[in-house]
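> I am attaching a structure below and will ask some questions about it afterwards.
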Amino acid sequence: MVDSFPQKVTTNFSHTISIERFGLYAVSITARCHGKRFLGLWKEQNLRLEINGTQFREIPPEKNAQLFNIPPAWNGTNLQGLSKTVVFILPLNVEDYTFKFFAEPEATIEKFEYKALLNLKDIVFDLESKAEDGDKRPWYTFAFINLPLSTLKADISTQWHFLDGDDVKLIIDNTIKPNSESEKHHDWAWSTKPAFFSEPKREEKAFTEDLLVGTHYVEFWADKTPTFHKVSFDLGDFKPKRIPTVKDPKWTGDFNDDIDQIILARLIFGEARNQSKKAMIGVAWAVKNRLLSKRKYFGFSYHKIIQKNDGRYYQFSSFIPDDPNFKLLIDPFAKNNDQTIQSWFKAYDIAVTVISGSVADPTGGATYFHSKDFSQEKFVTKTVPGAIYLKQIGDFLFYQDPNETKK
């Protein structure tokens with residue numbers, strides 16, 4: 001079922017998008033929240049979201065994490081029934097992304113849109129947006145996730161209205177950008193002077209920030225009804241790096257770009273894709289048991305364990321660059337063969353369940369394995385002297401580390 005907007009959220013609501021090409025994206029969300037009303041006719045409304053389980057918090061972080069009263073969320077006390085747009089700018093890989101919204105007790109999501117951004121040195125948003133009439137409240141937030149920010153330019157119009165005028169405040173990472181032209185409106189970068197008859201005052205202002213890669217919030221607050229014409233951002237020479245996913249597993253050239261589930265899936269796929277599911281699970285558990293043993297000679301992470309080699313000998317043969325399996329391991333879709341592709345997805349699912357602990361260890365604590373065509377005697381006398389044989393699953397023989405008996 002395709003979600004439609006506006007969408008009233010009570011408690012929580014999830015919306016999923018599928019990304020088919022890696023790149024930088026802008027996800028724009030407009031929502032509305034009410035504040036507390038006199039005599040308690042409604043309670044304050046708040047809204048926040050998580051992207052694939054990732055929470056967002058205040059900058060700089062406080063001792064107790066804020067969830068609703070932060071720039072990339074919607075706070076009813078600040079908004080008082082008006083709308084606010086949050087634009088998340090972030091690299092997205094080829095996978096599904098779930099935007100889970102949490103409301104207290106309810107809120108309304110008016111728009112949800114996303115688009116790919118092609119020019120990282122000139123990210124332009126043509127808004128032509130006139131603010132709803134309100135008093136000093138959040139209007140637009142641009143949330144940069146795992147990105148730098150070099151410069152920004154904003155084109156905004158303000159005008160005087162009988163007894164009051166339009167103002168716009170700019171806050172970057174919790175720091176207000178001052179108005180050097182007006183002491184009275186020091187905290188409002190765009191403002192107007194009292195006048196009986198005045199045309200809109202349109203100004204484009206530029207700000208150099210040179211912020212390093214991280215999470216950054218650029219907030220625009222509105223007073224009265226200014227018009228936001230355009231804003232542009234320059235990320236400098238930054239280029240987002242693709243992270244392999246189950247749907248786009250091609251190697252980047254550095255296995256450290258793989259998340260744990262991907263590199264473990266590569267191992268399972270490379271070593272045991274033609275084996276039974278139980279044998280594939282056993283291979284995965286042999287790696288996890290090494291991690292759980294906390295022994296230096298194994299390594300203390302999935303990446304260290306799986307990639308361990310001295311330049312000549314590798315722990316796992318499928319990771320040897322000259323091994324016939326290596327080409328498929330680094331690009332599981334290379335053959336474009338349905339059976340091979342299904343084996344990759346199976347290997348990934350097993351990696352996920354083994355890492356999460358939701359599938360039992362069928363080996364009984366193995367940390368080593370080899371195929372049945374390799375000499376068992378040679379393995380226990382020369383390869384791993386004293387290795388304790390546990391069992392055979394499919395074409396693999398599994399062993400316990402001899403040091404485990406010395407604990």
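Every chain in the structure tokens takes a letter, A first, then B, and so on in the order presented; its residues are numbered from 1, and the ligands are numbered from 1 following the presented order.
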Please identify all polymer residues within 12 Å of segment 78-84 of chain A, counting only C-alpha atoms, omitting same-chain residues fewer than 4 positions from it, and present them as a tab-separated table (two decimals) with C-alpha atoms, in the first residue's frame.

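Listed below is the output, out22.tsv:
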```tsv
chain	number	residue	atom	x	y	z
A	28	SER	CA	11.75	16.99	2.69
A	29	ILE	CA	9.06	16.61	5.37
A	30	THR	CA	6.50	19.24	6.30
A	31	ALA	CA	4.46	18.69	9.47
A	32	ARG	CA	2.20	20.65	11.79
A	33	CYS	CA	1.92	20.56	15.59
A	34	HIS	CA	-0.28	22.46	18.03
A	35	GLY	CA	0.73	23.84	21.39
A	36	LYS	CA	-1.19	23.73	24.65
A	37	ARG	CA	-4.54	25.49	24.45
A	42	TRP	CA	-5.89	20.11	23.49
A	43	LYS	CA	-2.50	19.05	24.72
A	44	GLU	CA	0.84	19.99	23.25
A	45	GLN	CA	1.66	18.02	20.11
A	46	ASN	CA	5.17	16.85	19.27
A	47	LEU	CA	6.65	14.81	16.43
A	68	PHE	CA	11.29	16.37	20.45
A	69	ASN	CA	12.69	19.84	21.14
A	70	ILE	CA	15.49	19.69	18.55
A	71	PRO	CA	15.90	21.23	15.07
A	72	PRO	CA	15.02	18.06	13.06
A	73	ALA	CA	11.79	17.51	15.04
A	74	TRP	CA	8.50	19.35	15.48
A	107	ALA	CA	0.56	15.40	14.76
A	108	THR	CA	-0.02	15.85	11.04
A	109	ILE	CA	2.53	15.14	8.32
A	110	GLU	CA	1.50	17.34	5.40
A	111	LYS	CA	4.17	16.51	2.79
A	129	SER	CA	7.65	29.87	0.22
A	130	LYS	CA	5.77	32.51	2.20
A	131	ALA	CA	5.61	31.87	5.93
A	132	GLU	CA	2.30	31.51	7.72
A	133	ASP	CA	1.71	34.46	10.01
A	134	GLY	CA	3.29	33.62	13.32
A	135	ASP	CA	5.49	34.92	16.09
A	136	LYS	CA	9.15	33.91	16.23
A	137	ARG	CA	8.98	30.22	15.43
A	138	PRO	CA	10.91	27.52	13.51
A	139	TRP	CA	10.21	27.56	9.79
A	140	TYR	CA	12.80	25.50	7.86
A	141	THR	CA	15.54	23.18	9.10
A	142	PHE	CA	18.17	21.64	6.83
A	219	GLU	CA	17.66	26.52	11.01
A	220	PHE	CA	15.59	29.37	9.66
A	221	TRP	CA	13.10	30.92	12.09
A	222	ALA	CA	10.33	33.23	10.89
A	223	ASP	CA	8.59	36.18	12.50
A	224	LYS	CA	5.44	37.36	10.70
A	225	THR	CA	5.32	36.44	6.96
```
> Taking only C-alpha atoms into account, which of A:Lys177, A:Lys250, A:Arg242, A:His229 comes nearest Thr208 of chain A?
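Closest candidate: A:Lys177.
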> So which bits of segment 202-315 of chain A end up helix (DSSP H, G or I) when you DSSP the backbone, as an mmCIF file with N, CA and C atoms, in the first residue's frame?

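Written file, out-v8.cif:
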```
data_model
loop_
_atom_site.group_PDB
_atom_site.id
_atom_site.type_symbol
_atom_site.label_atom_id
_atom_site.label_comp_id
_atom_site.auth_asym_id
_atom_site.auth_seq_id
_atom_site.Cartn_x
_atom_site.Cartn_y
_atom_site.Cartn_z
ATOM 1 N N PHE A 255 37.323 -3.519 2.245
ATOM 2 C CA PHE A 255 36.344 -4.280 3.017
ATOM 3 C C PHE A 255 35.905 -3.542 4.285
ATOM 4 N N ASN A 256 36.666 -2.553 4.710
ATOM 5 C CA ASN A 256 36.276 -1.784 5.889
ATOM 6 C C ASN A 256 35.057 -0.907 5.628
ATOM 7 N N ASP A 257 34.689 -0.767 4.355
ATOM 8 C CA ASP A 257 33.448 -0.044 4.037
ATOM 9 C C ASP A 257 32.225 -0.926 4.262
ATOM 10 N N ASP A 260 29.192 -5.050 9.365
ATOM 11 C CA ASP A 260 29.466 -6.413 9.848
ATOM 12 C C ASP A 260 28.654 -7.461 9.098
ATOM 13 N N GLN A 261 27.370 -7.168 8.881
ATOM 14 C CA GLN A 261 26.499 -8.144 8.238
ATOM 15 C C GLN A 261 26.947 -8.442 6.800
ATOM 16 N N ILE A 262 27.476 -7.428 6.103
ATOM 17 C CA ILE A 262 27.905 -7.624 4.718
ATOM 18 C C ILE A 262 29.192 -8.431 4.653
ATOM 19 N N ILE A 263 30.186 -8.107 5.480
ATOM 20 C CA ILE A 263 31.447 -8.840 5.378
ATOM 21 C C ILE A 263 31.284 -10.284 5.839
ATOM 22 N N LEU A 264 30.405 -10.512 6.830
ATOM 23 C CA LEU A 264 30.147 -11.891 7.240
ATOM 24 C C LEU A 264 29.384 -12.636 6.148
ATOM 25 N N ALA A 265 28.461 -11.960 5.500
ATOM 26 C CA ALA A 265 27.734 -12.574 4.381
ATOM 27 C C ALA A 265 28.687 -12.939 3.244
ATOM 28 N N ARG A 266 29.660 -12.086 2.987
ATOM 29 C CA ARG A 266 30.651 -12.400 1.943
ATOM 30 C C ARG A 266 31.378 -13.697 2.280
ATOM 31 N N LEU A 267 31.763 -13.846 3.563
ATOM 32 C CA LEU A 267 32.475 -15.056 3.969
ATOM 33 C C LEU A 267 31.602 -16.296 3.789
ATOM 34 N N ILE A 268 30.374 -16.226 4.282
ATOM 35 C CA ILE A 268 29.450 -17.354 4.153
ATOM 36 C C ILE A 268 29.251 -17.699 2.682
ATOM 37 N N PHE A 269 29.028 -16.673 1.873
ATOM 38 C CA PHE A 269 28.809 -16.838 0.436
ATOM 39 C C PHE A 269 30.050 -17.427 -0.244
ATOM 40 N N GLY A 270 31.227 -16.909 0.103
ATOM 41 C CA GLY A 270 32.454 -17.360 -0.531
ATOM 42 C C GLY A 270 32.862 -18.769 -0.146
ATOM 43 N N GLU A 271 32.582 -19.147 1.103
ATOM 44 C CA GLU A 271 33.014 -20.448 1.606
ATOM 45 C C GLU A 271 31.964 -21.542 1.440
ATOM 46 N N ALA A 272 30.671 -21.179 1.521
ATOM 47 C CA ALA A 272 29.669 -22.241 1.688
ATOM 48 C C ALA A 272 28.379 -22.012 0.919
ATOM 49 N N LYS A 277 21.770 -24.963 4.471
ATOM 50 C CA LYS A 277 21.615 -23.802 5.337
ATOM 51 C C LYS A 277 22.293 -24.042 6.672
ATOM 52 N N LYS A 278 22.212 -25.260 7.193
ATOM 53 C CA LYS A 278 22.830 -25.569 8.481
ATOM 54 C C LYS A 278 24.342 -25.405 8.409
ATOM 55 N N ALA A 279 24.949 -25.854 7.307
ATOM 56 C CA ALA A 279 26.398 -25.706 7.148
ATOM 57 C C ALA A 279 26.780 -24.237 7.022
ATOM 58 N N MET A 280 25.976 -23.463 6.315
ATOM 59 C CA MET A 280 26.243 -22.026 6.175
ATOM 60 C C MET A 280 26.161 -21.338 7.527
ATOM 61 N N ILE A 281 25.187 -21.740 8.335
ATOM 62 C CA ILE A 281 25.071 -21.182 9.686
ATOM 63 C C ILE A 281 26.289 -21.575 10.517
ATOM 64 N N GLY A 282 26.746 -22.811 10.354
ATOM 65 C CA GLY A 282 27.920 -23.266 11.081
ATOM 66 C C GLY A 282 29.154 -22.444 10.754
ATOM 67 N N VAL A 283 29.363 -22.134 9.476
ATOM 68 C CA VAL A 283 30.490 -21.301 9.055
ATOM 69 C C VAL A 283 30.411 -19.926 9.720
ATOM 70 N N ALA A 284 29.226 -19.343 9.730
ATOM 71 C CA ALA A 284 29.050 -18.026 10.351
ATOM 72 C C ALA A 284 29.326 -18.082 11.850
ATOM 73 N N TRP A 285 28.862 -19.143 12.494
ATOM 74 C CA TRP A 285 29.066 -19.267 13.936
ATOM 75 C C TRP A 285 30.536 -19.503 14.281
ATOM 76 N N ALA A 286 31.282 -20.158 13.405
ATOM 77 C CA ALA A 286 32.712 -20.339 13.663
ATOM 78 C C ALA A 286 33.414 -18.981 13.763
ATOM 79 N N VAL A 287 32.972 -18.022 12.942
ATOM 80 C CA VAL A 287 33.519 -16.670 13.017
ATOM 81 C C VAL A 287 33.049 -15.979 14.299
ATOM 82 N N LYS A 288 31.760 -16.086 14.594
ATOM 83 C CA LYS A 288 31.245 -15.426 15.790
ATOM 84 C C LYS A 288 31.872 -16.012 17.053
ATOM 85 N N ASN A 289 32.097 -17.317 17.077
ATOM 86 C CA ASN A 289 32.733 -17.925 18.248
ATOM 87 C C ASN A 289 34.151 -17.401 18.446
ATOM 88 N N ARG A 290 34.840 -17.095 17.364
ATOM 89 C CA ARG A 290 36.161 -16.464 17.479
ATOM 90 C C ARG A 290 36.031 -15.095 18.141
ATOM 91 N N LEU A 291 35.027 -14.345 17.728
ATOM 92 C CA LEU A 291 34.799 -13.022 18.310
ATOM 93 C C LEU A 291 34.482 -13.139 19.799
ATOM 94 N N LEU A 292 33.625 -14.102 20.137
ATOM 95 C CA LEU A 292 33.222 -14.277 21.535
ATOM 96 C C LEU A 292 34.361 -14.770 22.418
ATOM 97 N N SER A 293 35.345 -15.452 21.816
ATOM 98 C CA SER A 293 36.460 -15.988 22.604
ATOM 99 C C SER A 293 37.390 -14.890 23.118
ATOM 100 N N TYR A 302 34.564 -8.564 13.587
ATOM 101 C CA TYR A 302 34.291 -9.404 12.419
ATOM 102 C C TYR A 302 35.274 -9.094 11.292
ATOM 103 N N HIS A 303 35.562 -7.808 11.105
ATOM 104 C CA HIS A 303 36.469 -7.423 10.032
ATOM 105 C C HIS A 303 37.877 -7.968 10.266
ATOM 106 N N LYS A 304 38.393 -7.823 11.477
ATOM 107 C CA LYS A 304 39.744 -8.296 11.776
ATOM 108 C C LYS A 304 39.824 -9.816 11.639
ATOM 109 N N ILE A 305 38.821 -10.510 12.123
ATOM 110 C CA ILE A 305 38.817 -11.974 12.069
ATOM 111 C C ILE A 305 38.776 -12.464 10.632
ATOM 112 N N ILE A 306 37.875 -11.917 9.844
ATOM 113 C CA ILE A 306 37.670 -12.409 8.479
ATOM 114 C C ILE A 306 38.830 -12.026 7.564
ATOM 115 N N GLN A 307 39.396 -10.842 7.743
ATOM 116 C CA GLN A 307 40.468 -10.382 6.855
ATOM 117 C C GLN A 307 41.866 -10.780 7.327
#
```
> Using only C-alpha atoms, I'd like a table of the residues in segment 168-266 of chain A that come within 9 Å of segment 324-333 of chain A; for each, show the closest atom pair and its distance in Å rounded to one decimal, ordered by chain and ascending number, as JSON lines.

```
{"residue": "A:Asp248", "atom": "CA", "partner": "A:Phe333", "partner_atom": "CA", "distance": 8.6}
{"residue": "A:Pro249", "atom": "CA", "partner": "A:Asp331", "partner_atom": "CA", "distance": 6.4}
{"residue": "A:Lys250", "atom": "CA", "partner": "A:Asp331", "partner_atom": "CA", "distance": 4.5}
{"residue": "A:Trp251", "atom": "CA", "partner": "A:Ile330", "partner_atom": "CA", "distance": 4.9}
{"residue": "A:Thr252", "atom": "CA", "partner": "A:Ile330", "partner_atom": "CA", "distance": 8.6}
{"residue": "A:Gly253", "atom": "CA", "partner": "A:Ile330", "partner_atom": "CA", "distance": 8.6}
{"residue": "A:Arg266", "atom": "CA", "partner": "A:Leu329", "partner_atom": "CA", "distance": 5.7}
```
> Could those residues be written to a file, using C-alpha atoms, as a PDB file, in the first residue's frame?

```
ATOM      1  CA  ASP A 248      24.126  -3.485  -3.973  1.00  0.00           C
ATOM      2  CA  PRO A 249      26.975  -5.599  -2.565  1.00  0.00           C
ATOM      3  CA  LYS A 250      29.716  -4.763  -5.051  1.00  0.00           C
ATOM      4  CA  TRP A 251      33.027  -4.205  -3.281  1.00  0.00           C
ATOM      5  CA  THR A 252      34.288  -0.616  -2.944  1.00  0.00           C
ATOM      6  CA  GLY A 253      37.900  -1.776  -2.903  1.00  0.00           C
ATOM      7  CA  ARG A 266      30.651 -12.400   1.943  1.00  0.00           C
TER       8      ARG A 266
END
```
> Residues near Asp210 of chain A, anyone? I mean within 12 Å using only C-alpha atoms, not counting same-chain ones fewer than 5 positions away, as a CSV table (one decimal) with C-alpha atoms, in the first residue's frame.

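Writing the result to selection_37.csv gives the following:
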```csv
chain,number,residue,atom,x,y,z
A,147,LEU,CA,28.3,15.6,5.7
A,148,PRO,CA,30.4,18.7,5.7
A,149,LEU,CA,29.2,22.2,5.0
A,150,SER,CA,31.4,24.8,3.3
A,151,THR,CA,29.1,27.7,2.5
A,152,LEU,CA,25.5,28.6,2.2
A,172,ILE,CA,23.7,27.0,12.6
A,216,HIS,CA,24.8,19.8,11.2
A,233,PHE,CA,24.7,24.9,-0.1
A,234,ASP,CA,28.2,24.1,-1.1
A,235,LEU,CA,29.8,20.9,0.4
A,236,GLY,CA,33.2,21.7,-1.0
A,237,ASP,CA,35.2,18.9,-2.4
A,238,PHE,CA,33.3,16.2,-0.5
```
> Could you state the separation of atom CA of Asp126 of chain A and atom CA of Lys230 of chain A in Å, given to one decimal place?
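Separation between atom CA of Asp126 of chain A and atom CA of Lys230 of chain A: 4.6 Å.
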> Using DSSP on the backbone coordinates, identify all residues within segment 46-145 of chain A classified as strand (DSSP E or B); present the result as a VMD selection string.
chain A and resid 46 to 51 54 74 to 75 83 to 92 96 to 117 123 to 130 134 to 145
> What does the distance between atom CA of Leu397 of chain A and atom CA of His370 of chain A come to in Å, to one decimal place?
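Rounded to one decimal, the two atoms are 5.5 Å apart.
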